[in-house]
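The file coords_26.cif comes next; it holds mmCIF, N, CA and C atoms.
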```
data_my_file
loop_
_atom_site.group_PDB
_atom_site.id
_atom_site.type_symbol
_atom_site.label_atom_id
_atom_site.label_comp_id
_atom_site.auth_asym_id
_atom_site.auth_seq_id
_atom_site.Cartn_x
_atom_site.Cartn_y
_atom_site.Cartn_z
ATOM 1 N N MET A 205 345.290 272.051 79.201
ATOM 2 C CA MET A 205 345.601 271.616 80.533
ATOM 3 C C MET A 205 346.115 272.774 81.384
ATOM 4 N N TYR A 206 347.120 273.518 80.936
ATOM 5 C CA TYR A 206 347.696 274.595 81.735
ATOM 6 C C TYR A 206 346.937 275.909 81.592
ATOM 7 N N GLN A 207 346.084 276.044 80.588
ATOM 8 C CA GLN A 207 345.386 277.305 80.357
ATOM 9 C C GLN A 207 344.427 277.660 81.486
ATOM 10 N N ASN A 208 343.952 276.686 82.252
ATOM 11 C CA ASN A 208 342.959 276.931 83.294
ATOM 12 C C ASN A 208 343.568 277.322 84.636
ATOM 13 N N ARG A 209 344.869 277.354 84.741
ATOM 14 C CA ARG A 209 345.507 277.710 86.014
ATOM 15 C C ARG A 209 345.302 279.191 86.308
ATOM 16 N N GLN A 210 345.022 279.506 87.562
ATOM 17 C CA GLN A 210 344.830 280.897 87.974
ATOM 18 C C GLN A 210 346.157 281.617 88.152
ATOM 19 N N THR A 211 347.174 280.898 88.670
ATOM 20 C CA THR A 211 348.513 281.466 88.847
ATOM 21 C C THR A 211 349.504 280.553 88.144
ATOM 22 N N ASP A 212 350.396 281.154 87.358
ATOM 23 C CA ASP A 212 351.355 280.359 86.600
ATOM 24 C C ASP A 212 352.585 281.216 86.317
ATOM 25 N N TYR A 213 353.742 280.572 86.232
ATOM 26 C CA TYR A 213 354.997 281.255 85.919
ATOM 27 C C TYR A 213 355.633 280.564 84.729
ATOM 28 N N ARG A 214 356.151 281.346 83.798
ATOM 29 C CA ARG A 214 356.842 280.787 82.632
ATOM 30 C C ARG A 214 358.233 281.399 82.572
ATOM 31 N N VAL A 215 359.262 280.552 82.638
ATOM 32 C CA VAL A 215 360.649 281.028 82.592
ATOM 33 C C VAL A 215 361.111 281.037 81.148
ATOM 34 N N ASN A 216 361.556 282.187 80.682
ATOM 35 C CA ASN A 216 362.075 282.348 79.329
ATOM 36 C C ASN A 216 363.598 282.321 79.377
ATOM 37 N N PHE A 217 364.210 281.688 78.384
ATOM 38 C CA PHE A 217 365.662 281.670 78.329
ATOM 39 C C PHE A 217 366.135 281.816 76.896
ATOM 40 N N ALA A 218 367.373 282.302 76.756
ATOM 41 C CA ALA A 218 368.010 282.463 75.445
ATOM 42 C C ALA A 218 369.489 282.142 75.616
ATOM 43 N N ASN A 219 370.037 281.445 74.669
ATOM 44 C CA ASN A 219 371.460 281.082 74.704
ATOM 45 C C ASN A 219 371.842 280.374 75.999
ATOM 46 N N GLY A 220 370.944 279.547 76.532
ATOM 47 C CA GLY A 220 371.226 278.774 77.735
ATOM 48 C C GLY A 220 371.144 279.541 79.041
ATOM 49 N N SER A 221 370.711 280.800 79.027
ATOM 50 C CA SER A 221 370.600 281.592 80.256
ATOM 51 C C SER A 221 369.159 282.025 80.478
ATOM 52 N N ASN A 222 368.724 282.024 81.742
ATOM 53 C CA ASN A 222 367.398 282.535 82.081
ATOM 54 C C ASN A 222 367.395 284.040 81.890
ATOM 55 N N VAL A 223 366.382 284.560 81.228
ATOM 56 C CA VAL A 223 366.330 285.993 80.981
ATOM 57 C C VAL A 223 365.123 286.680 81.624
ATOM 58 N N SER A 224 364.013 285.943 81.812
ATOM 59 C CA SER A 224 362.836 286.570 82.405
ATOM 60 C C SER A 224 361.830 285.515 82.856
ATOM 61 N N VAL A 225 360.853 285.977 83.654
ATOM 62 C CA VAL A 225 359.742 285.132 84.101
ATOM 63 C C VAL A 225 358.456 285.875 83.785
ATOM 64 N N GLU A 226 357.569 285.236 83.029
ATOM 65 C CA GLU A 226 356.247 285.813 82.763
ATOM 66 C C GLU A 226 355.298 285.319 83.847
ATOM 67 N N ILE A 227 354.410 286.209 84.295
ATOM 68 C CA ILE A 227 353.542 285.908 85.426
ATOM 69 C C ILE A 227 352.082 285.984 85.008
ATOM 70 N N LYS A 228 351.334 284.956 85.417
ATOM 71 C CA LYS A 228 349.889 284.925 85.219
ATOM 72 C C LYS A 228 349.265 284.829 86.605
ATOM 73 N N CYS A 229 348.333 285.725 86.919
ATOM 74 C CA CYS A 229 347.633 285.713 88.198
ATOM 75 C C CYS A 229 346.162 286.016 87.935
ATOM 76 N N CYS A 230 345.285 285.413 88.703
ATOM 77 C CA CYS A 230 343.832 285.583 88.529
ATOM 78 C C CYS A 230 343.415 285.261 87.099
ATOM 79 N N GLY A 231 344.138 284.332 86.476
ATOM 80 C CA GLY A 231 343.809 283.896 85.123
ATOM 81 C C GLY A 231 344.258 284.831 84.018
ATOM 82 N N GLN A 232 344.991 285.911 84.366
ATOM 83 C CA GLN A 232 345.410 286.904 83.363
ATOM 84 C C GLN A 232 346.923 287.115 83.399
ATOM 85 N N HIS A 233 347.498 287.390 82.233
ATOM 86 C CA HIS A 233 348.919 287.726 82.160
ATOM 87 C C HIS A 233 349.100 289.118 82.756
ATOM 88 N N ILE A 234 349.942 289.227 83.819
ATOM 89 C CA ILE A 234 350.099 290.530 84.479
ATOM 90 C C ILE A 234 351.448 291.172 84.207
ATOM 91 N N GLY A 235 352.362 290.449 83.574
ATOM 92 C CA GLY A 235 353.635 291.069 83.246
ATOM 93 C C GLY A 235 354.798 290.112 83.260
ATOM 94 N N GLU A 236 355.968 290.697 83.161
ATOM 95 C CA GLU A 236 357.208 289.941 83.041
ATOM 96 C C GLU A 236 358.254 290.550 83.975
ATOM 97 N N ILE A 237 359.024 289.680 84.631
ATOM 98 C CA ILE A 237 360.093 290.101 85.527
ATOM 99 C C ILE A 237 361.419 289.685 84.897
ATOM 100 N N LYS A 238 362.338 290.628 84.773
ATOM 101 C CA LYS A 238 363.694 290.308 84.337
ATOM 102 C C LYS A 238 364.436 289.695 85.523
ATOM 103 N N PHE A 239 365.520 289.005 85.285
ATOM 104 C CA PHE A 239 366.246 288.347 86.367
ATOM 105 C C PHE A 239 367.074 289.342 87.166
ATOM 106 N N LYS A 240 366.387 290.116 88.015
ATOM 107 C CA LYS A 240 367.011 291.044 88.950
ATOM 108 C C LYS A 240 366.491 290.683 90.333
ATOM 109 N N ASP A 241 367.369 290.694 91.315
ATOM 110 C CA ASP A 241 366.985 290.332 92.673
ATOM 111 C C ASP A 241 365.916 291.285 93.211
ATOM 112 N N ARG A 242 364.887 290.696 93.810
ATOM 113 C CA ARG A 242 363.777 291.400 94.466
ATOM 114 C C ARG A 242 362.847 292.150 93.513
ATOM 115 N N GLU A 243 362.947 291.898 92.216
ATOM 116 C CA GLU A 243 361.993 292.538 91.295
ATOM 117 C C GLU A 243 360.632 291.893 91.517
ATOM 118 N N GLU A 244 359.556 292.681 91.389
ATOM 119 C CA GLU A 244 358.220 292.159 91.647
ATOM 120 C C GLU A 244 357.184 292.794 90.731
ATOM 121 N N LYS A 245 356.065 292.096 90.603
ATOM 122 C CA LYS A 245 354.886 292.587 89.885
ATOM 123 C C LYS A 245 353.699 292.420 90.800
ATOM 124 N N LYS A 246 352.780 293.369 90.739
ATOM 125 C CA LYS A 246 351.569 293.317 91.555
ATOM 126 C C LYS A 246 350.379 293.049 90.654
ATOM 127 N N CYS A 247 349.534 292.114 91.058
ATOM 128 C CA CYS A 247 348.327 291.794 90.292
ATOM 129 C C CYS A 247 347.297 292.899 90.500
ATOM 130 N N PRO A 248 346.813 293.506 89.416
ATOM 131 C CA PRO A 248 345.823 294.570 89.563
ATOM 132 C C PRO A 248 344.467 294.058 90.053
ATOM 133 N N ALA A 249 344.178 292.763 89.861
ATOM 134 C CA ALA A 249 342.878 292.224 90.262
ATOM 135 C C ALA A 249 342.812 291.890 91.754
ATOM 136 N N CYS A 250 343.832 291.177 92.282
ATOM 137 C CA CYS A 250 343.764 290.722 93.678
ATOM 138 C C CYS A 250 344.764 291.415 94.598
ATOM 139 N N GLY A 251 345.734 292.114 94.038
ATOM 140 C CA GLY A 251 346.709 292.834 94.851
ATOM 141 C C GLY A 251 347.907 292.023 95.297
ATOM 142 N N LYS A 252 347.962 290.704 94.969
ATOM 143 C CA LYS A 252 349.117 289.900 95.351
ATOM 144 C C LYS A 252 350.370 290.394 94.642
ATOM 145 N N LYS A 253 351.494 290.361 95.380
ATOM 146 C CA LYS A 253 352.786 290.680 94.790
ATOM 147 C C LYS A 253 353.503 289.369 94.478
ATOM 148 N N HIS A 254 354.114 289.300 93.317
ATOM 149 C CA HIS A 254 354.894 288.150 92.882
ATOM 150 C C HIS A 254 356.335 288.633 92.784
ATOM 151 N N GLN A 255 357.223 288.014 93.560
ATOM 152 C CA GLN A 255 358.591 288.515 93.668
ATOM 153 C C GLN A 255 359.603 287.437 93.299
ATOM 154 N N LEU A 256 360.655 287.853 92.593
ATOM 155 C CA LEU A 256 361.772 286.982 92.255
ATOM 156 C C LEU A 256 362.938 287.328 93.166
ATOM 157 N N ARG A 257 363.491 286.308 93.838
ATOM 158 C CA ARG A 257 364.675 286.499 94.668
ATOM 159 C C ARG A 257 365.782 285.594 94.150
ATOM 160 N N ILE A 258 366.946 286.159 93.954
ATOM 161 C CA ILE A 258 368.083 285.394 93.447
ATOM 162 C C ILE A 258 368.980 285.018 94.614
ATOM 163 N N ASP A 259 369.348 283.742 94.669
ATOM 164 C CA ASP A 259 370.232 283.226 95.694
ATOM 165 C C ASP A 259 371.508 282.728 95.026
ATOM 166 N N TYR A 260 372.339 282.034 95.757
ATOM 167 C CA TYR A 260 373.653 281.601 95.286
ATOM 168 C C TYR A 260 373.616 280.957 93.891
ATOM 169 N N ASN A 261 372.904 279.850 93.734
ATOM 170 C CA ASN A 261 372.860 279.170 92.438
ATOM 171 C C ASN A 261 371.431 278.811 92.025
ATOM 172 N N HIS A 262 370.469 279.561 92.531
ATOM 173 C CA HIS A 262 369.064 279.294 92.195
ATOM 174 C C HIS A 262 368.248 280.565 92.424
ATOM 175 N N PHE A 263 366.962 280.491 92.094
ATOM 176 C CA PHE A 263 366.072 281.624 92.344
ATOM 177 C C PHE A 263 364.780 281.127 92.956
ATOM 178 N N HIS A 264 364.056 282.029 93.608
ATOM 179 C CA HIS A 264 362.764 281.743 94.233
ATOM 180 C C HIS A 264 361.716 282.653 93.610
ATOM 181 N N MET A 265 360.514 282.147 93.397
ATOM 182 C CA MET A 265 359.357 282.956 93.044
ATOM 183 C C MET A 265 358.404 282.853 94.219
ATOM 184 N N SER A 266 358.007 283.990 94.775
ATOM 185 C CA SER A 266 357.126 284.011 95.947
ATOM 186 C C SER A 266 355.924 284.909 95.682
ATOM 187 N N GLN A 267 354.832 284.575 96.375
ATOM 188 C CA GLN A 267 353.621 285.401 96.333
ATOM 189 C C GLN A 267 353.407 285.989 97.719
ATOM 190 N N PHE A 268 352.996 287.247 97.767
ATOM 191 C CA PHE A 268 352.668 287.909 99.025
ATOM 192 C C PHE A 268 351.270 288.502 98.886
ATOM 193 N N SER A 269 350.404 288.172 99.836
ATOM 194 C CA SER A 269 349.038 288.707 99.817
ATOM 195 C C SER A 269 349.043 290.168 100.217
ATOM 196 N N PRO A 270 348.055 290.922 99.738
ATOM 197 C CA PRO A 270 347.971 292.336 100.130
ATOM 198 C C PRO A 270 347.726 292.444 101.637
ATOM 199 N N GLU A 271 348.240 293.499 102.212
ATOM 200 C CA GLU A 271 348.110 293.684 103.670
ATOM 201 C C GLU A 271 346.865 294.428 104.033
#
```

File written out as structure tokens:
Amino acid sequence: MYQNRQTDYRVNFANGSNVSVEIKCCGQHIGEIKFKDREEKKCPACGKKHQLRIDYNHFHMSQFSPE
């Protein structure tokens, strides 16, 4: 069911804390982001940037198209 998604995020945690987010874009695993504010990965196939932003008590995952 989830294997066919073109873009997907998987949050990894250990000892009850979020530690990283794995990113899949264009159907391929493109890398992992540690929980640091504004850390990002760029997809080598389409050029989209995937960015993690940390806020007060939550986080955001955003995609930005190439310019």

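Atom to atom, CA of Glu271 in chain A and CA of Tyr213 in chain A stand 22.7 Å apart.
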
Expand the PyMOL selection byres ((chain A and resi 253-259) around 8) into the explicit residue set it covers here, and present it as a list in words.
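On this input, the PyMOL selection byres ((chain A and resi 253-259) around 8) captures Ile227, Ile237, Lys238, Phe239, Lys240, Asp241, Arg242, Glu243, Glu244, Lys245, Lys246, Cys247, Cys250, Gly251, Lys252, Tyr260, Asn261, His262, Phe263, His264, Met265, Ser266, Gln267, Phe268, Ser269 and Pro270 of chain A.
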
In Å, rounded to a single decimal, give me how far atom N of Ser221 in chain A is from atom N of Arg209 in chain A.
26.7 Å

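When all atoms listed in the file are used to measure the gap to Ala249 in chain A, the shortest distance among A:Glu236, A:Phe217, A:Cys230, A:Val223 belongs to A:Cys230.
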
Where's the centre, and what are the edge lengths in Å to one decimal, of a box along x, y and z enclosing all listed atoms of range 221-238 of chain A padded 6 Å per side, as AutoDock Vina command-line options?
```
--center_x 357.1 --center_y 286.0 --center_z 83.9 --size_x 39.3 --size_y 22.4 --size_z 21.7
```

May I have all residues of chain A that DSSP, computed from the backbone, assigns to strand (DSSP E), given as a ChimeraX atom specification?
/A:212-218,221-229,232-238,243-246,253-258,263-268

For Gln232 in chain A: contacts at 8 Å, only N, CA and C atoms, fewer than 3 positions along chain excluded, given as a ChimeraX atom specification
/A:209-212,227-229,235
